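Asks: Got a structure for you, questions after.
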There are 2 protein chains.
Amino acid sequence: MSRKGRLSAAVVRDSAPVFAALGDETRLRLVARLSERGPQSIARLAEGEPVTRQAITKHLRVLADAGVARDQRRGRERLWALERRSLDEARRCLDLVSQDWDEALARLKAFVET
Amino acid sequence: MSRKGRLSAAVVRDSAPVFAALGDETRLRLVARLSERGPQSIARLAEGEPVTRQAITKHLRVLADAGVARDQRRGRERLWALERRSLDEARRCLDLVSQDWDEALARLKAFVET
DNA sequence: GAAATAGGCAACTATAGGGTTGCCTATTTC
DNA sequence: GAAATAGGCAACCCTATAGTTGCCTATTTC
């Protein structure tokens, strides 16, 4: 009983900040925009958003700190783009949860049927 | 240009709270525990955690509000288990981001090569 | 070089969130 | 039925966070 499971403490420690970064509607919308329309400037990203440019800047900072996005100065503007690594990591984390959960259910079922 | 993208406003609205729920280390650890060892009582889940049982209760409440977990009274204890639906939803959201991003990069590359 | 554009910095506000403690209730167990 | 066990409720603290406003700097553009 009590199989090891796939989710190491390290995975949890690394993924939690990424999820936290994605856990705000404005930020998730920014991620969506960046994924759909590619690298963009702050002003462009703030366009149509219900909050100020400053707020957007802060959100981008949060995404950067979580490793979800990175920026690059380009003349007078600053281009933001997604960073695949951390997003993939988060996906993998959810996959592991799924797999462990499937197995746990299977064990439970087997146990009940005994 | 500016393809529609797969991430509807609805997906963003639904997924953000799930990510927020997973965005705390303690809660993500709870999710990991539940996925590895199946349904458990609050006391059991609090075992070994560095915070009080009350804190764990609050975290479970957050997970429930996000639809990530659900509870069921069982005699004097309360069994908590994961809810697949919302976790799958979050996974799908990350998949969509990935796909859109891949396409955006491909378009960018094609554009540069012209 | 003046005007417009893109962004940075700092101070400030308000609320949500994680955590605690103290005490009370319900259900088992002996 | 007394003691142990599982959990709920409420008040409280402190910090992180989302947001704002005001103003300053750097780069384009005309």
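Just so we're on the same page: first chain in the structure tokens is A, next is B, and so on; residues restart at 1 for each chain, and ligands are numbered from 1 in the order they show up.
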With only C-alpha atoms (C1' of nucleotides) counted and 9 Å as the cut-off, give the residues of chain B in contact with chain D, each with its shortest interatomic distance in Å and the pair that gives it, as a tab-separated table.

Replies:
residue	atom	partner	partner_atom	distance
B:Ser41	CA	D:DA6	C1'	8.7
B:Ile42	CA	D:DG7	C1'	8.2
B:Ala43	CA	D:DA6	C1'	7.2
B:Arg76	CA	D:DA6	C1'	5.8
B:Glu77	CA	D:DA6	C1'	5.4
B:Arg78	CA	D:DG7	C1'	8.0

Asks: Could you do a least-squares fit of chain A on chain B over every C-alpha atom, in sequence order, and give the output as a short mmCIF file (atom, residue, chain, number, x, y, z; two decimals) with C-alpha atoms, in the first residue's frame?

Replies:
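Now in selection.cif:
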data_model
loop_
_atom_site.label_atom_id
_atom_site.label_comp_id
_atom_site.auth_asym_id
_atom_site.auth_seq_id
_atom_site.Cartn_x
_atom_site.Cartn_y
_atom_site.Cartn_z
CA MET A 1 -3.72 37.63 -39.67
CA SER A 2 -4.89 37.50 -36.06
CA ARG A 3 -6.44 34.02 -36.18
CA LYS A 4 -9.21 33.43 -33.74
CA GLY A 5 -7.27 31.19 -31.42
CA ARG A 6 -8.79 28.47 -29.33
CA LEU A 7 -8.94 30.15 -25.97
CA SER A 8 -12.40 31.57 -25.52
CA ALA A 9 -13.18 34.02 -22.76
CA ALA A 10 -15.20 31.26 -21.15
CA VAL A 11 -12.22 28.92 -20.93
CA VAL A 12 -10.16 31.66 -19.31
CA ARG A 13 -12.94 32.51 -16.88
CA ASP A 14 -13.42 28.88 -15.87
CA SER A 15 -9.78 27.86 -15.66
CA ALA A 16 -8.32 30.82 -13.78
CA PRO A 17 -9.94 29.87 -10.44
CA VAL A 18 -8.68 26.31 -10.81
CA PHE A 19 -5.13 27.50 -11.41
CA ALA A 20 -5.47 29.87 -8.47
CA ALA A 21 -6.49 26.95 -6.27
CA LEU A 22 -3.49 24.93 -7.42
CA GLY A 23 -1.20 27.91 -7.02
CA ASP A 24 -0.48 27.41 -3.35
CA GLU A 25 2.17 24.92 -2.30
CA THR A 26 0.18 23.51 0.58
CA ARG A 27 -2.88 23.03 -1.59
CA LEU A 28 -0.94 21.49 -4.45
CA ARG A 29 0.60 19.11 -1.93
CA LEU A 30 -2.90 18.23 -0.73
CA VAL A 31 -3.94 17.53 -4.31
CA ALA A 32 -0.86 15.35 -4.73
CA ARG A 33 -1.67 13.42 -1.56
CA LEU A 34 -5.25 12.92 -2.62
CA SER A 35 -4.22 11.72 -6.03
CA GLU A 36 -1.65 9.30 -4.67
CA ARG A 37 -3.42 7.90 -1.65
CA GLY A 38 -7.06 8.36 -2.55
CA PRO A 39 -9.87 9.88 -0.44
CA GLN A 40 -8.82 10.88 3.06
CA SER A 41 -10.08 12.59 6.18
CA ILE A 42 -8.97 16.05 7.22
CA ALA A 43 -6.93 14.79 10.15
CA ARG A 44 -5.14 12.38 7.84
CA LEU A 45 -4.44 15.11 5.33
CA ALA A 46 -3.14 17.43 8.03
CA GLU A 47 -0.72 14.76 9.24
CA GLY A 48 2.85 15.81 8.55
CA GLU A 49 1.85 19.18 7.17
CA PRO A 50 3.62 22.14 8.75
CA VAL A 51 0.38 24.05 9.42
CA THR A 52 -2.61 23.53 11.71
CA ARG A 53 -5.63 21.40 10.94
CA GLN A 54 -7.67 24.58 10.68
CA ALA A 55 -5.41 25.86 7.94
CA ILE A 56 -5.86 22.58 6.08
CA THR A 57 -9.63 22.86 6.43
CA LYS A 58 -9.49 26.31 4.87
CA HIS A 59 -7.35 25.10 2.00
CA LEU A 60 -9.76 22.24 1.34
CA ARG A 61 -12.59 24.78 1.27
CA VAL A 62 -10.69 26.72 -1.40
CA LEU A 63 -10.17 23.56 -3.44
CA ALA A 64 -13.87 22.78 -3.15
CA ASP A 65 -14.89 26.28 -4.25
CA ALA A 66 -12.72 25.89 -7.34
CA GLY A 67 -14.32 22.53 -8.03
CA VAL A 68 -11.02 20.70 -7.58
CA ALA A 69 -12.15 18.59 -4.65
CA ARG A 70 -15.35 17.57 -2.96
CA ASP A 71 -16.15 16.25 0.48
CA GLN A 72 -18.54 13.74 1.91
CA ARG A 73 -19.46 13.22 5.54
CA ARG A 74 -18.69 9.77 6.77
CA GLY A 75 -19.63 9.21 10.38
CA ARG A 76 -17.69 11.63 12.50
CA GLU A 77 -15.16 12.33 9.82
CA ARG A 78 -15.27 14.01 6.45
CA LEU A 79 -13.70 12.34 3.47
CA TRP A 80 -12.15 14.50 0.79
CA ALA A 81 -11.52 13.40 -2.77
CA LEU A 82 -10.44 14.97 -6.01
CA GLU A 83 -12.85 16.04 -8.70
CA ARG A 84 -11.58 15.16 -12.13
CA ARG A 85 -13.65 17.54 -14.18
CA SER A 86 -11.98 20.83 -13.25
CA LEU A 87 -8.51 19.35 -13.33
CA ASP A 88 -9.11 18.09 -16.84
CA GLU A 89 -10.42 21.49 -17.79
CA ALA A 90 -7.21 23.12 -16.57
CA ARG A 91 -5.15 20.60 -18.49
CA ARG A 92 -7.12 21.31 -21.62
CA CYS A 93 -6.55 25.02 -21.15
CA LEU A 94 -2.79 24.51 -21.05
CA ASP A 95 -3.01 22.33 -24.13
CA LEU A 96 -4.83 25.07 -26.00
CA VAL A 97 -2.20 27.62 -25.04
CA SER A 98 0.47 25.25 -26.27
CA GLN A 99 -1.24 24.68 -29.59
CA ASP A 100 -1.94 28.35 -30.23
CA TRP A 101 1.62 29.21 -29.35
CA ASP A 102 2.99 26.59 -31.73
CA GLU A 103 0.91 28.01 -34.54
CA ALA A 104 1.86 31.59 -33.74
CA LEU A 105 5.53 30.64 -33.91
CA ALA A 106 5.02 28.83 -37.18
CA ARG A 107 3.32 31.89 -38.68
CA LEU A 108 6.11 34.11 -37.40
CA LYS A 109 8.70 31.84 -38.95
CA ALA A 110 6.87 31.76 -42.25
CA PHE A 111 6.65 35.54 -42.16
CA VAL A 112 10.35 36.01 -41.49
CA GLU A 113 11.26 33.67 -44.31
CA THR A 114 9.40 35.79 -46.83
#

Asks: Name the residues of segment 14-114 of chain A that come out as helix (DSSP H, G or I) in a backbone DSSP run; write them as a ChimeraX atom specification.

Replies: /A:14-22,25-37,42-46,53-65,84-112

Asks: Sort by chain and increasing residue number a table of all residues of chain C within 8 Å of chain B, each with its closest pair of atoms and their distance in Å to one decimal, counting only C-alpha atoms (C1' of nucleotides), and write it as a Markdown table.

Replies:
| residue | atom | partner | partner_atom | distance |
| --- | --- | --- | --- | --- |
| C:DG18 | C1' | B:Ala55 | CA | 7.5 |
| C:DG19 | C1' | B:Ala55 | CA | 6.6 |
| C:DA26 | C1' | B:Arg76 | CA | 6.9 |
| C:DT27 | C1' | B:Arg76 | CA | 4.9 |
| C:DT28 | C1' | B:Arg76 | CA | 7.8 |

Asks: Among segment 4-85 of chain A, which residues carry a DSSP assignment of strand (DSSP E or B), reported as a list of chain:residue names?

Replies: A:Gln40, A:Ser41, A:Ala69, A:Arg70, A:Asp71, A:Gln72, A:Arg73, A:Arg74, A:Glu77, A:Arg78, A:Leu79, A:Trp80, A:Ala81, A:Leu82
